[in-house]
file data_27.tsv (TSV, C-alpha atoms (C1' of nucleotides))
chain	number	residue	atom	x	y	z
N	1	MET	CA	55.13	97.30	29.16
N	2	ALA	CA	55.52	98.64	25.67
N	3	ALA	CA	53.13	96.10	24.18
N	4	SER	CA	50.03	98.18	24.79
N	5	LYS	CA	51.67	101.11	23.00
N	6	SER	CA	53.14	99.15	20.12
N	7	PRO	CA	52.17	100.66	16.78
N	8	THR	CA	52.19	97.21	15.22
N	9	ARG	CA	49.67	96.00	17.76
N	10	ARG	CA	47.55	99.08	17.07
N	11	ARG	CA	47.59	98.47	13.33
N	12	ILE	CA	46.58	94.85	13.80
N	13	LEU	CA	43.65	95.93	15.97
N	14	ASP	CA	42.53	98.70	13.62
N	15	THR	CA	42.80	96.55	10.52
N	16	GLY	CA	41.09	93.63	12.22
N	17	ALA	CA	38.26	95.87	13.36
N	18	ARG	CA	37.71	97.19	9.84
N	19	LEU	CA	37.75	93.72	8.27
N	20	PHE	CA	35.54	92.07	10.91
N	21	ARG	CA	33.05	94.92	10.54
N	22	ARG	CA	32.86	94.54	6.77
N	23	ASN	CA	33.45	90.85	6.11
N	24	GLY	CA	32.46	89.19	9.36
N	25	TYR	CA	34.36	86.93	11.71
N	26	THR	CA	34.96	83.76	9.71
N	27	GLY	CA	35.00	85.88	6.57
N	28	THR	CA	38.19	87.54	7.74
N	29	GLY	CA	41.49	85.68	7.72
N	30	LEU	CA	44.41	86.33	10.05
N	31	LYS	CA	46.78	86.44	7.11
N	32	GLN	CA	44.55	89.05	5.54
N	33	ILE	CA	44.68	91.14	8.72
N	34	THR	CA	48.46	91.03	9.12
N	35	GLY	CA	48.88	91.50	5.39
N	36	GLU	CA	46.81	94.67	5.22
N	37	ALA	CA	48.24	95.90	8.50
N	38	GLY	CA	51.76	95.54	7.15
N	39	ALA	CA	52.66	93.37	10.11
N	40	PRO	CA	54.53	90.05	10.14
N	41	PHE	CA	52.19	87.12	10.67
N	42	GLY	CA	54.02	86.02	13.81
N	43	SER	CA	53.39	89.39	15.46
N	44	LEU	CA	49.72	88.57	15.72
N	45	TYR	CA	50.43	85.58	17.91
N	46	HIS	CA	53.06	87.55	19.81
N	47	PHE	CA	50.51	90.19	20.82
N	48	PHE	CA	47.53	87.87	20.95
N	49	PRO	CA	48.65	84.42	22.12
N	50	GLY	CA	45.01	83.31	22.14
N	51	GLY	CA	44.89	83.77	18.37
N	52	LYS	CA	41.81	84.81	16.48
N	53	ARG	CA	39.42	84.53	19.40
N	54	GLU	CA	41.52	86.70	21.69
N	55	LEU	CA	41.95	89.29	18.95
N	56	ALA	CA	38.22	89.33	18.26
N	57	ALA	CA	37.36	89.64	21.94
N	58	GLU	CA	39.54	92.73	22.32
N	59	ILE	CA	38.18	94.26	19.12
N	60	ILE	CA	34.60	93.68	20.25
N	61	ARG	CA	35.26	95.44	23.56
N	62	THR	CA	37.25	98.40	22.27
N	63	GLU	CA	35.11	99.03	19.22
N	64	GLY	CA	31.98	98.61	21.34
N	65	ALA	CA	33.19	101.18	23.83
N	66	GLY	CA	34.19	103.52	21.02
N	67	TYR	CA	30.85	103.33	19.29
N	68	ALA	CA	29.05	104.00	22.57
N	69	ARG	CA	30.51	107.49	22.49
N	70	THR	CA	28.55	108.38	19.36
N	71	PHE	CA	25.55	108.46	21.67
N	72	ASP	CA	27.10	111.45	23.47
N	73	VAL	CA	25.34	113.62	20.91
N	74	VAL	CA	22.11	112.86	22.79
N	75	ARG	CA	22.21	115.40	25.61
N	76	ALA	CA	19.66	115.36	28.42
N	77	GLU	CA	18.86	119.03	27.75
N	78	ASP	CA	17.48	118.25	24.30
N	79	ALA	CA	17.22	114.52	23.86
N	80	VAL	CA	14.95	114.73	20.83
N	81	ALA	CA	17.28	116.89	18.76
N	82	GLY	CA	20.21	114.79	19.87
N	83	LEU	CA	18.55	111.54	18.91
N	84	ARG	CA	17.62	112.99	15.54
N	85	ALA	CA	21.26	113.97	15.04
N	86	TRP	CA	22.37	110.48	16.07
N	87	PHE	CA	20.36	108.79	13.32
N	88	ALA	CA	21.20	111.47	10.75
N	89	GLY	CA	24.89	111.12	11.57
N	90	ALA	CA	24.73	107.35	11.20
N	91	ALA	CA	23.11	107.73	7.79
N	92	GLU	CA	25.79	110.17	6.68
N	93	VAL	CA	28.68	107.97	7.79
N	94	LEU	CA	27.08	105.03	6.04
N	95	GLU	CA	26.75	106.83	2.73
N	96	ALA	CA	30.21	108.37	2.96
N	97	GLY	CA	31.76	104.95	3.52
N	98	ASP	CA	29.96	103.28	0.62
N	99	TYR	CA	27.78	101.27	3.02
N	100	ALA	CA	30.73	99.27	4.31
N	101	ASP	CA	31.01	100.64	7.84
N	102	ALA	CA	27.89	100.38	9.95
N	103	CYS	CA	27.80	98.70	13.35
N	104	PRO	CA	31.31	97.62	14.41
N	105	ILE	CA	30.19	94.35	15.99
N	106	ALA	CA	26.89	93.31	14.38
N	107	ALA	CA	28.39	90.95	11.80
N	108	ILE	CA	30.51	89.27	14.47
N	109	ALA	CA	27.57	89.11	16.87
N	110	LEU	CA	25.31	87.25	14.44
N	111	GLU	CA	28.05	84.79	13.53
N	112	VAL	CA	29.17	83.87	17.04
N	113	ALA	CA	25.75	83.92	18.75
N	114	SER	CA	25.28	80.19	18.28
N	115	THR	CA	28.86	79.04	17.81
N	116	ASP	CA	31.18	80.65	20.38
N	117	ASP	CA	29.78	81.45	23.78
N	118	ASP	CA	32.77	83.48	24.99
N	119	LEU	CA	32.59	85.84	22.06
N	120	ARG	CA	28.79	85.91	22.25
N	121	GLN	CA	29.09	87.08	25.83
N	122	ALA	CA	31.54	89.81	24.80
N	123	THR	CA	29.01	91.14	22.29
N	124	ALA	CA	26.26	90.86	24.90
N	125	GLU	CA	28.26	93.00	27.32
N	126	VAL	CA	28.71	95.67	24.67
N	127	PHE	CA	25.01	95.76	23.82
N	128	THR	CA	24.11	95.83	27.52
N	129	ASP	CA	26.41	98.81	28.02
N	130	TRP	CA	24.86	100.67	25.09
N	131	ILE	CA	21.36	100.03	26.38
N	132	GLU	CA	22.19	101.20	29.89
N	133	GLN	CA	23.92	104.34	28.66
N	134	ALA	CA	21.04	105.26	26.38
N	135	ALA	CA	18.47	104.51	29.06
N	136	ALA	CA	20.36	106.71	31.54
N	137	ARG	CA	20.31	109.57	29.08
N	138	PHE	CA	16.58	109.24	28.56
N	139	THR	CA	16.03	109.08	32.30
N	140	GLU	CA	18.04	112.25	32.80
N	141	ALA	CA	15.84	113.86	30.17
N	142	GLY	CA	12.84	113.17	32.37
N	143	ILE	CA	11.48	109.81	31.24
N	144	ALA	CA	10.53	107.18	33.82
N	145	PRO	CA	13.21	104.45	34.12
N	146	ALA	CA	11.18	101.52	32.83
N	147	ARG	CA	9.94	103.49	29.86
N	148	ALA	CA	13.43	104.90	29.26
N	149	ARG	CA	14.81	101.39	28.99
N	150	THR	CA	12.15	100.30	26.51
N	151	LEU	CA	12.93	103.33	24.36
N	152	ALA	CA	16.68	102.74	24.67
N	153	VAL	CA	16.43	99.11	23.59
N	154	SER	CA	14.13	100.10	20.76
N	155	ALA	CA	16.40	102.91	19.56
N	156	ILE	CA	19.44	100.68	19.42
N	157	ALA	CA	17.56	97.79	17.83
N	158	SER	CA	16.09	100.12	15.22
N	159	LEU	CA	19.46	101.49	14.21
N	160	GLU	CA	21.01	98.03	14.25
N	161	GLY	CA	18.35	96.59	11.96
N	162	ALA	CA	18.31	99.68	9.77
N	163	PHE	CA	22.03	99.08	9.23
N	164	VAL	CA	21.30	95.57	7.97
N	165	LEU	CA	18.73	96.84	5.47
N	166	ALA	CA	20.80	99.87	4.47
N	167	ARG	CA	23.91	97.84	3.67
N	168	ALA	CA	21.90	95.39	1.57
N	169	LEU	CA	19.87	98.07	-0.23
N	170	ARG	CA	22.76	100.53	-0.45
N	171	SER	CA	20.39	103.25	0.69
N	172	PRO	CA	20.20	105.47	3.78
N	173	GLU	CA	16.39	105.26	3.79
N	174	PRO	CA	16.07	102.58	6.48
N	175	VAL	CA	18.23	104.53	8.91
N	176	LEU	CA	16.26	107.71	8.33
N	177	SER	CA	12.85	105.99	8.53
N	178	ALA	CA	13.76	104.08	11.68
N	179	GLY	CA	15.07	107.29	13.22
N	180	GLU	CA	11.86	109.10	12.42
N	181	ILE	CA	9.74	106.59	14.33
N	182	VAL	CA	12.04	106.39	17.33
N	183	VAL	CA	12.43	110.16	17.57
N	184	ALA	CA	8.66	110.58	17.45
N	185	ALA	CA	8.25	108.02	20.22
N	186	VAL	CA	10.69	109.84	22.50
N	187	GLU	CA	9.18	113.19	21.62
N	188	ARG	CA	5.75	111.93	22.49
N	189	GLU	CA	7.00	110.48	25.77
N	190	LEU	CA	8.52	113.78	26.85
N	191	ALA	CA	5.36	115.67	25.97
N	192	SER	CA	3.15	113.44	28.05
V	193	MET	CA	12.53	67.25	-14.48
V	194	ALA	CA	12.75	65.33	-11.27
V	195	ALA	CA	15.51	67.50	-9.89
V	196	SER	CA	13.16	70.05	-8.38
V	197	LYS	CA	11.37	67.29	-6.52
V	198	SER	CA	14.44	65.40	-5.39
V	199	PRO	CA	14.38	64.78	-1.65
V	200	THR	CA	18.17	65.00	-1.58
V	201	ARG	CA	18.04	68.44	-3.10
V	202	ARG	CA	15.41	69.43	-0.57
V	203	ARG	CA	17.51	68.22	2.35
V	204	ILE	CA	20.52	70.13	1.08
V	205	LEU	CA	18.45	73.30	0.85
V	206	ASP	CA	16.84	72.88	4.26
V	207	THR	CA	20.10	72.03	5.99
V	208	GLY	CA	21.92	74.84	4.24
V	209	ALA	CA	19.23	77.30	5.24
V	210	ARG	CA	19.46	76.28	8.87
V	211	LEU	CA	23.26	76.48	8.95
V	212	PHE	CA	23.51	79.77	7.06
V	213	ARG	CA	20.93	81.26	9.40
V	214	ARG	CA	22.82	80.20	12.51
V	215	ASN	CA	26.48	80.27	11.52
V	216	GLY	CA	26.57	82.67	8.61
V	217	TYR	CA	27.78	82.30	5.05
V	218	THR	CA	31.53	81.76	5.38
V	219	GLY	CA	30.90	80.14	8.76
V	220	THR	CA	29.11	77.28	7.03
V	221	GLY	CA	31.02	74.70	5.02
V	222	LEU	CA	29.63	72.74	2.09
V	223	LYS	CA	30.90	69.52	3.60
V	224	GLN	CA	29.08	70.38	6.78
V	225	ILE	CA	25.87	70.91	4.81
V	226	THR	CA	26.06	67.64	2.88
V	227	GLY	CA	27.20	65.83	6.02
V	228	GLU	CA	24.26	66.95	8.13
V	229	ALA	CA	21.88	66.51	5.21
V	230	GLY	CA	23.01	62.92	4.77
V	231	ALA	CA	23.83	63.62	1.14
V	232	PRO	CA	26.96	62.69	-0.81
V	233	PHE	CA	29.23	65.66	-1.35
V	234	GLY	CA	29.03	65.35	-5.11
V	235	SER	CA	25.25	65.73	-5.04
V	236	LEU	CA	25.63	69.34	-4.04
V	237	TYR	CA	27.48	70.14	-7.25
V	238	HIS	CA	25.07	67.97	-9.21
V	239	PHE	CA	22.08	70.03	-8.09
V	240	PHE	CA	23.96	73.33	-7.79
V	241	PRO	CA	26.66	73.50	-10.46
V	242	GLY	CA	27.43	77.06	-9.38
V	243	GLY	CA	28.58	75.77	-6.01
V	244	LYS	CA	28.23	77.66	-2.77
V	245	ARG	CA	27.11	80.92	-4.33
V	246	GLU	CA	24.31	79.34	-6.36
V	247	LEU	CA	23.13	77.40	-3.32
V	248	ALA	CA	23.16	80.55	-1.17
V	249	ALA	CA	21.29	82.55	-3.81
V	250	GLU	CA	18.48	80.00	-3.92
V	251	ILE	CA	18.32	79.78	-0.15
V	252	ILE	CA	18.14	83.56	0.18
V	253	ARG	CA	15.21	83.71	-2.25
V	254	THR	CA	13.18	80.80	-0.94
V	255	GLU	CA	13.76	81.53	2.74
V	256	GLY	CA	13.05	85.19	2.10
V	257	ALA	CA	9.76	84.40	0.41
V	258	GLY	CA	8.87	81.97	3.18
V	259	TYR	CA	9.54	84.44	5.95
V	260	ALA	CA	7.44	87.08	4.17
V	261	ARG	CA	4.43	84.92	4.87
V	262	THR	CA	4.80	85.41	8.62
V	263	PHE	CA	3.56	88.93	7.95
V	264	ASP	CA	0.22	87.48	6.86
V	265	VAL	CA	-0.81	87.69	10.50
V	266	VAL	CA	-1.12	91.44	9.97
V	267	ARG	CA	-4.59	91.77	8.47
V	268	ALA	CA	-5.87	95.09	7.16
V	269	GLU	CA	-8.98	94.76	9.35
V	270	ASP	CA	-6.93	94.97	12.52
V	271	ALA	CA	-3.38	95.88	11.69
V	272	VAL	CA	-2.47	96.84	15.24
V	273	ALA	CA	-3.41	93.51	16.78
V	274	GLY	CA	-1.76	91.71	13.89
V	275	LEU	CA	1.46	93.63	14.25
V	276	ARG	CA	1.48	92.95	17.96
V	277	ALA	CA	1.05	89.25	17.22
V	278	TRP	CA	3.85	89.38	14.66
V	279	PHE	CA	6.39	90.62	17.21
V	280	ALA	CA	5.08	88.35	19.96
V	281	GLY	CA	5.30	85.36	17.64
V	282	ALA	CA	8.86	86.23	16.68
V	283	ALA	CA	9.83	86.44	20.35
V	284	GLU	CA	8.24	83.05	21.03
V	285	VAL	CA	9.96	81.32	18.14
V	286	LEU	CA	13.25	82.81	19.21
V	287	GLU	CA	12.96	81.55	22.77
V	288	ALA	CA	11.69	78.13	21.70
V	289	GLY	CA	14.67	77.69	19.36
V	290	ASP	CA	17.27	78.68	21.96
V	291	TYR	CA	17.95	81.96	20.14
V	292	ALA	CA	19.42	80.19	17.14
V	293	ASP	CA	16.73	80.86	14.54
V	294	ALA	CA	15.90	84.49	13.97
V	295	CYS	CA	16.02	86.15	10.55
V	296	PRO	CA	16.77	83.60	7.83
V	297	ILE	CA	19.02	85.91	5.82
V	298	ALA	CA	20.43	88.57	8.16
V	299	ALA	CA	23.71	86.82	8.88
V	300	ILE	CA	24.28	86.22	5.17
V	301	ALA	CA	23.25	89.78	4.32
V	302	LEU	CA	25.79	91.39	6.64
V	303	GLU	CA	28.57	89.14	5.39
V	304	VAL	CA	28.04	89.57	1.67
V	305	ALA	CA	27.07	93.25	1.64
V	306	SER	CA	30.63	94.35	0.92
V	307	THR	CA	32.09	91.20	-0.56
V	308	ASP	CA	29.71	89.64	-3.11
V	309	ASP	CA	27.49	91.92	-5.11
V	310	ASP	CA	25.34	89.18	-6.65
V	311	LEU	CA	24.40	87.78	-3.26
V	312	ARG	CA	24.00	91.28	-1.83
V	313	GLN	CA	21.48	92.01	-4.55
V	314	ALA	CA	19.60	88.81	-3.74
V	315	THR	CA	19.25	89.92	-0.12
V	316	ALA	CA	18.24	93.41	-1.28
V	317	GLU	CA	15.43	91.95	-3.37
V	318	VAL	CA	14.14	90.02	-0.39
V	319	PHE	CA	14.17	93.06	1.88
V	320	THR	CA	12.50	95.15	-0.82
V	321	ASP	CA	9.74	92.57	-1.14
V	322	TRP	CA	9.18	92.52	2.62
V	323	ILE	CA	9.00	96.30	2.76
V	324	GLU	CA	6.53	96.51	-0.11
V	325	GLN	CA	4.30	93.81	1.31
V	326	ALA	CA	4.23	95.41	4.74
V	327	ALA	CA	3.62	98.85	3.28
V	328	ALA	CA	0.74	97.52	1.19
V	329	ARG	CA	-0.86	96.04	4.29
V	330	PHE	CA	-0.57	99.34	6.16
V	331	THR	CA	-2.00	101.20	3.19
V	332	GLU	CA	-4.97	98.82	3.06
V	333	ALA	CA	-5.49	99.53	6.74
V	334	GLY	CA	-5.96	103.17	5.90
V	335	ILE	CA	-2.53	104.77	6.22
V	336	ALA	CA	-1.26	107.15	3.54
V	337	PRO	CA	1.25	105.44	1.20
V	338	ALA	CA	4.33	107.48	2.09
V	339	ARG	CA	3.68	107.11	5.78
V	340	ALA	CA	2.87	103.42	5.34
V	341	ARG	CA	6.26	102.86	3.76
V	342	THR	CA	8.10	104.66	6.56
V	343	LEU	CA	6.29	102.51	9.09
V	344	ALA	CA	6.94	99.33	7.08
V	345	VAL	CA	10.67	100.00	6.82
V	346	SER	CA	10.79	100.88	10.49
V	347	ALA	CA	8.89	97.76	11.55
V	348	ILE	CA	11.17	95.44	9.61
V	349	ALA	CA	14.33	97.26	10.71
V	350	SER	CA	13.20	97.13	14.33
V	351	LEU	CA	12.60	93.41	14.26
V	352	GLU	CA	15.82	92.79	12.37
V	353	GLY	CA	17.89	94.73	14.88
V	354	ALA	CA	16.00	93.30	17.82
V	355	PHE	CA	17.00	89.86	16.54
V	356	VAL	CA	20.67	90.86	16.65
V	357	LEU	CA	20.38	92.03	20.26
V	358	ALA	CA	18.18	89.12	21.31
V	359	ARG	CA	20.55	86.47	19.98
V	360	ALA	CA	23.52	88.11	21.71
V	361	LEU	CA	21.70	88.71	25.00
V	362	ARG	CA	19.73	85.46	24.85
V	363	SER	CA	16.64	87.39	25.84
V	364	PRO	CA	13.33	88.16	24.12
V	365	GLU	CA	13.27	91.67	25.62
V	366	PRO	CA	14.59	93.52	22.54
V	367	VAL	CA	11.93	91.98	20.30
V	368	LEU	CA	9.17	92.85	22.71
V	369	SER	CA	10.42	96.39	23.35
V	370	ALA	CA	10.92	97.11	19.67
V	371	GLY	CA	7.45	95.74	18.96
V	372	GLU	CA	5.93	97.96	21.59
V	373	ILE	CA	7.29	101.14	20.00
V	374	VAL	CA	6.37	100.14	16.44
V	375	VAL	CA	2.88	99.01	17.41
V	376	ALA	CA	2.30	102.31	19.21
V	377	ALA	CA	3.45	104.24	16.16
V	378	VAL	CA	1.02	102.41	13.87
V	379	GLU	CA	-1.76	102.71	16.43
V	380	ARG	CA	-1.23	106.43	16.67
V	381	GLU	CA	-1.17	106.77	12.90
V	382	LEU	CA	-4.50	105.01	12.53
V	383	ALA	CA	-6.06	107.15	15.25
V	384	SER	CA	-5.05	110.41	13.62
C	385	DG	C1'	61.56	89.55	20.76
C	386	DT	C1'	60.84	89.88	15.51
C	387	DC	C1'	59.81	87.63	12.05
C	388	DT	C1'	60.11	83.64	8.45
C	389	DA	C1'	59.03	79.16	7.20
C	390	DT	C1'	56.33	75.36	7.91
C	391	DA	C1'	52.82	72.03	9.84
C	392	DC	C1'	48.36	70.53	9.75
C	393	DT	C1'	43.48	71.09	8.85
C	394	DT	C1'	39.67	72.48	6.28
C	395	DT	C1'	37.89	74.91	2.49
C	396	DG	C1'	35.50	75.02	-2.22
C	397	DA	C1'	35.76	72.58	-6.29
C	398	DT	C1'	36.61	68.51	-9.85
C	399	DA	C1'	37.58	64.23	-12.02
C	400	DG	C1'	36.33	59.94	-12.82
C	401	DA	C1'	34.82	55.19	-11.09
C	402	DC	C1'	30.66	52.80	-10.96
Q	403	DG	C1'	23.18	60.02	-12.54
Q	404	DT	C1'	25.35	58.78	-7.78
Q	405	DC	C1'	28.91	58.98	-5.27
Q	406	DT	C1'	34.14	58.54	-3.88
Q	407	DA	C1'	38.77	60.19	-4.14
Q	408	DT	C1'	41.54	63.86	-4.79
Q	409	DC	C1'	43.09	68.70	-5.97
Q	410	DA	C1'	44.97	73.28	-5.09
Q	411	DA	C1'	44.32	77.02	-2.05
Q	412	DA	C1'	43.45	79.17	2.23
Q	413	DG	C1'	42.58	78.61	7.06
Q	414	DT	C1'	44.72	78.72	12.00
Q	415	DA	C1'	48.51	77.76	14.61
Q	416	DT	C1'	53.48	76.77	15.79
Q	417	DA	C1'	58.45	76.07	15.64
Q	418	DG	C1'	62.63	77.90	15.40
Q	419	DA	C1'	66.13	81.01	12.91
Q	420	DC	C1'	68.11	85.28	13.80
call {"tool": "encode", "arguments": {"input": "data_27.tsv", "output": "structure tokens"}}
result
Amino acid sequence: MAASKSPTRRRILDTGARLFRRNGYTGTGLKQITGEAGAPFGSLYHFFPGGKRELAAEIIRTEGAGYARTFDVVRAEDAVAGLRAWFAGAAEVLEAGDYADACPIAAIALEVASTDDDLRQATAEVFTDWIEQAAARFTEAGIAPARARTLAVSAIASLEGAFVLARALRSPEPVLSAGEIVVAAVERELAS
Amino acid sequence: MAASKSPTRRRILDTGARLFRRNGYTGTGLKQITGEAGAPFGSLYHFFPGGKRELAAEIIRTEGAGYARTFDVVRAEDAVAGLRAWFAGAAEVLEAGDYADACPIAAIALEVASTDDDLRQATAEVFTDWIEQAAARFTEAGIAPARARTLAVSAIASLEGAFVLARALRSPEPVLSAGEIVVAAVERELAS
DNA sequence: GTCTATACTTTGATAGAC
DNA sequence: GTCTATCAAAGTATAGAC
């Protein structure tokens, strides 16, 4: 079908992703999305019959998968340098985008955690994927599986929380400080 | 004036704090707040003429100050044990409250960061206070100021991000893992 | 099948009765 | 000063013209 290739559908998804990321789930209106996407309001329900929840679910999954690829910079050959680059890159993107674009799903995740179990589960699957991918990379680098998972969870949590502080403070400091501690922890683990 | 002691005003603040914490800023309605608080709708505008924004600003400040006191468990005499208790306590509260009550202002902070500069600044002041208090405690424990600040920012960011993951995954693991890494970092710093 | 117009609900906010 | 009734606007969702 042509639906999956429709440029209108693409624009709705991209615009929705940007607005959800910046203004949150309830903070973003469907009229606002179609308006900024230059799409007729009815098109949203044509492509997403389930309405706002179906749109959000797809955005959570695709944006989650997309953001997972930023972790590709962490190569098993030099996990420490890669991890350092991961945090530095996040800080740069944040500054360049005026502290508007941090984690693509954090704002949604906090809002739906206690109010919409389907969407909560979608965010949980994304976070689980990130954790497993990061843990696999650390394991390949030579860290024992259990320890690799602890470090993976900690790395992702640190960046996630640093994003919260950085957006509020309009400063890259939290991302850089959090990165420093996590990088040192991984470095120390590999040296042991 | 009696206003500051009014039980109605108190109930509005407490209910608002709980709902903002769980459902976010735009995700919480004023009618929902007064409804659950058992207060007439008009009372909200009587006590908070500035409406939703004034109410949110006060909640951010008071809840922020209240949460700062949880860090009192970190005593300069034994910062490592205190920090360990801080994370463990956060994990316990989270589980006990069915993953609904984590950071009192994180959901608001992410939502207003790019949409309401007054409220963003209120959250920034809270985070700044937390960072300074934690850094002071680490300094008292014998860590050099610059390093103490890096560790303070990292500790708060780690917990903040762990809360995001924990609420989505409905698991205390992120809080415990993040705590493990941060505690080890402080421990190592004190040993050096 | 694309899109416009509308239905219905809920939102934040006010006015005014008591 | 406490509270009820109502406002205009924005929210999601749908119906139906073309």
call {"tool": "closest_atom_pairs", "arguments": {"input": "data_27.tsv", "of": "chain N", "to": "chain Q", "cutoff": "12 Å", "atoms": "all atoms listed in the file", "output": "tab-separated table"}}
result
residue	atom	partner	partner_atom	distance
N:Thr26	CA	Q:DG413	C1'	9.6
N:Gly27	CA	Q:DG413	C1'	10.5
N:Thr28	CA	Q:DG413	C1'	10.0
N:Gly29	CA	Q:DG413	C1'	7.2
N:Leu30	CA	Q:DT414	C1'	7.9
N:Lys31	CA	Q:DG413	C1'	8.9
N:Gln32	CA	Q:DA412	C1'	10.5
N:Phe41	CA	Q:DA415	C1'	10.8
N:Gly42	CA	Q:DT416	C1'	9.5
N:Leu44	CA	Q:DA415	C1'	10.9
N:Tyr45	CA	Q:DA415	C1'	8.7
N:His46	CA	Q:DT416	C1'	11.5
N:Phe48	CA	Q:DA415	C1'	12.0
N:Pro49	CA	Q:DA415	C1'	10.0
N:Gly50	CA	Q:DA415	C1'	10.0
N:Gly51	CA	Q:DA415	C1'	8.0
N:Lys52	CA	Q:DT414	C1'	8.1
N:Arg53	CA	Q:DT414	C1'	10.8
call {"tool": "atom_distance", "arguments": {"input": "data_27.tsv", "atom1": "CA of Glu160 (chain N)", "atom2": "CA of Trp130 (chain N)"}}
result
11.8 Å
call {"tool": "closest_residue", "arguments": {"input": "data_27.tsv", "among": "V:Arg202, V:Arg261, V:Arg312, V:Arg210", "to": "chain N", "atoms": "all atoms listed in the file"}}
result
V:Arg312
call {"tool": "closest_atom_pairs", "arguments": {"input": "data_27.tsv", "of": "chain C", "to": "chain V", "cutoff": "10 Å", "atoms": "all atoms listed in the file", "output": "JSON lines"}}
result
{"residue": "C:DT394", "atom": "C1'", "partner": "V:Gly221", "partner_atom": "CA", "distance": 9.0}
{"residue": "C:DT395", "atom": "C1'", "partner": "V:Gly221", "partner_atom": "CA", "distance": 7.3}
{"residue": "C:DG396", "atom": "C1'", "partner": "V:Leu222", "partner_atom": "CA", "distance": 7.6}
{"residue": "C:DA397", "atom": "C1'", "partner": "V:Gly243", "partner_atom": "CA", "distance": 7.9}
{"residue": "C:DT398", "atom": "C1'", "partner": "V:Gly234", "partner_atom": "CA", "distance": 9.5}
call {"tool": "residues_near_point", "arguments": {"input": "data_27.tsv", "point": "(16.8, 92.0, -2.7)", "cutoff": "12 Å", "atoms": "all atoms listed in the file", "output": "MDAnalysis selection string"}}
result
(chainID N and resid 165:170) or (chainID V and resid 249 252:254 256:257 297:298 301 305 309:324)
call {"tool": "residues_around", "arguments": {"input": "data_27.tsv", "residues": "Ala191 (chain N)", "least_positions_apart": "4", "cutoff": "12 Å", "atoms": "all atoms listed in the file", "output": "compact mmCIF listing (two decimals) with C-alpha atoms, in the coordinates of the input"}}
result
# COMPACT_ATOMS: atom_id res chain seq x y z
CA VAL N 80 14.95 114.73 20.83
CA ALA N 141 15.84 113.86 30.17
CA GLY N 142 12.84 113.17 32.37
CA ILE N 143 11.48 109.81 31.24
CA ALA N 184 8.66 110.58 17.45
CA ALA N 185 8.25 108.02 20.22
CA VAL N 186 10.69 109.84 22.50
CA GLU N 187 9.18 113.19 21.62
call {"tool": "closest_residue", "arguments": {"input": "data_27.tsv", "among": "V:Leu275, V:Val367, V:Ala282, V:Ala354", "to": "chain N", "atoms": "all atoms listed in the file"}}
result
V:Ala354
call {"tool": "atom_distance", "arguments": {"input": "data_27.tsv", "atom1": "CA of Ala340 (chain V)", "atom2": "CA of Tyr99 (chain N)"}}
result
25.1 Å
call {"tool": "decode", "arguments": {"input": "data_27.tsv", "residues": "region 368-375 of chain V", "atoms": "N, CA, C and O atoms", "output": "mmCIF file, in the first residue's frame"}}
result
data_model
loop_
_atom_site.group_PDB
_atom_site.id
_atom_site.type_symbol
_atom_site.label_atom_id
_atom_site.label_comp_id
_atom_site.auth_asym_id
_atom_site.auth_seq_id
_atom_site.Cartn_x
_atom_site.Cartn_y
_atom_site.Cartn_z
ATOM 1 N N LEU V 368 18.423 1.376 41.639
ATOM 2 C CA LEU V 368 19.473 0.660 42.355
ATOM 3 C C LEU V 368 20.777 0.621 41.561
ATOM 4 O O LEU V 368 21.859 0.813 42.117
ATOM 5 N N SER V 369 20.678 0.391 40.261
ATOM 6 C CA SER V 369 21.886 0.358 39.421
ATOM 7 C C SER V 369 22.562 1.721 39.378
ATOM 8 O O SER V 369 23.785 1.834 39.508
ATOM 9 N N ALA V 370 21.759 2.751 39.168
ATOM 10 C CA ALA V 370 22.316 4.101 39.116
ATOM 11 C C ALA V 370 22.982 4.444 40.448
ATOM 12 O O ALA V 370 24.067 5.029 40.485
ATOM 13 N N GLY V 371 22.335 4.059 41.541
ATOM 14 C CA GLY V 371 22.900 4.321 42.860
ATOM 15 C C GLY V 371 24.234 3.625 43.049
ATOM 16 O O GLY V 371 25.180 4.209 43.588
ATOM 17 N N GLU V 372 24.302 2.412 42.566
ATOM 18 C CA GLU V 372 25.540 1.642 42.701
ATOM 19 C C GLU V 372 26.732 2.377 42.072
ATOM 20 O O GLU V 372 27.802 2.487 42.673
ATOM 21 N N ILE V 373 26.532 2.869 40.870
ATOM 22 C CA ILE V 373 27.617 3.554 40.152
ATOM 23 C C ILE V 373 27.998 4.858 40.840
ATOM 24 O O ILE V 373 29.186 5.167 41.016
ATOM 25 N N VAL V 374 27.004 5.629 41.253
ATOM 26 C CA VAL V 374 27.281 6.915 41.893
ATOM 27 C C VAL V 374 27.957 6.715 43.252
ATOM 28 O O VAL V 374 28.919 7.405 43.592
ATOM 29 N N VAL V 375 27.457 5.755 44.012
ATOM 30 C CA VAL V 375 28.052 5.481 45.324
ATOM 31 C C VAL V 375 29.522 5.078 45.163
ATOM 32 O O VAL V 375 30.399 5.549 45.888
#
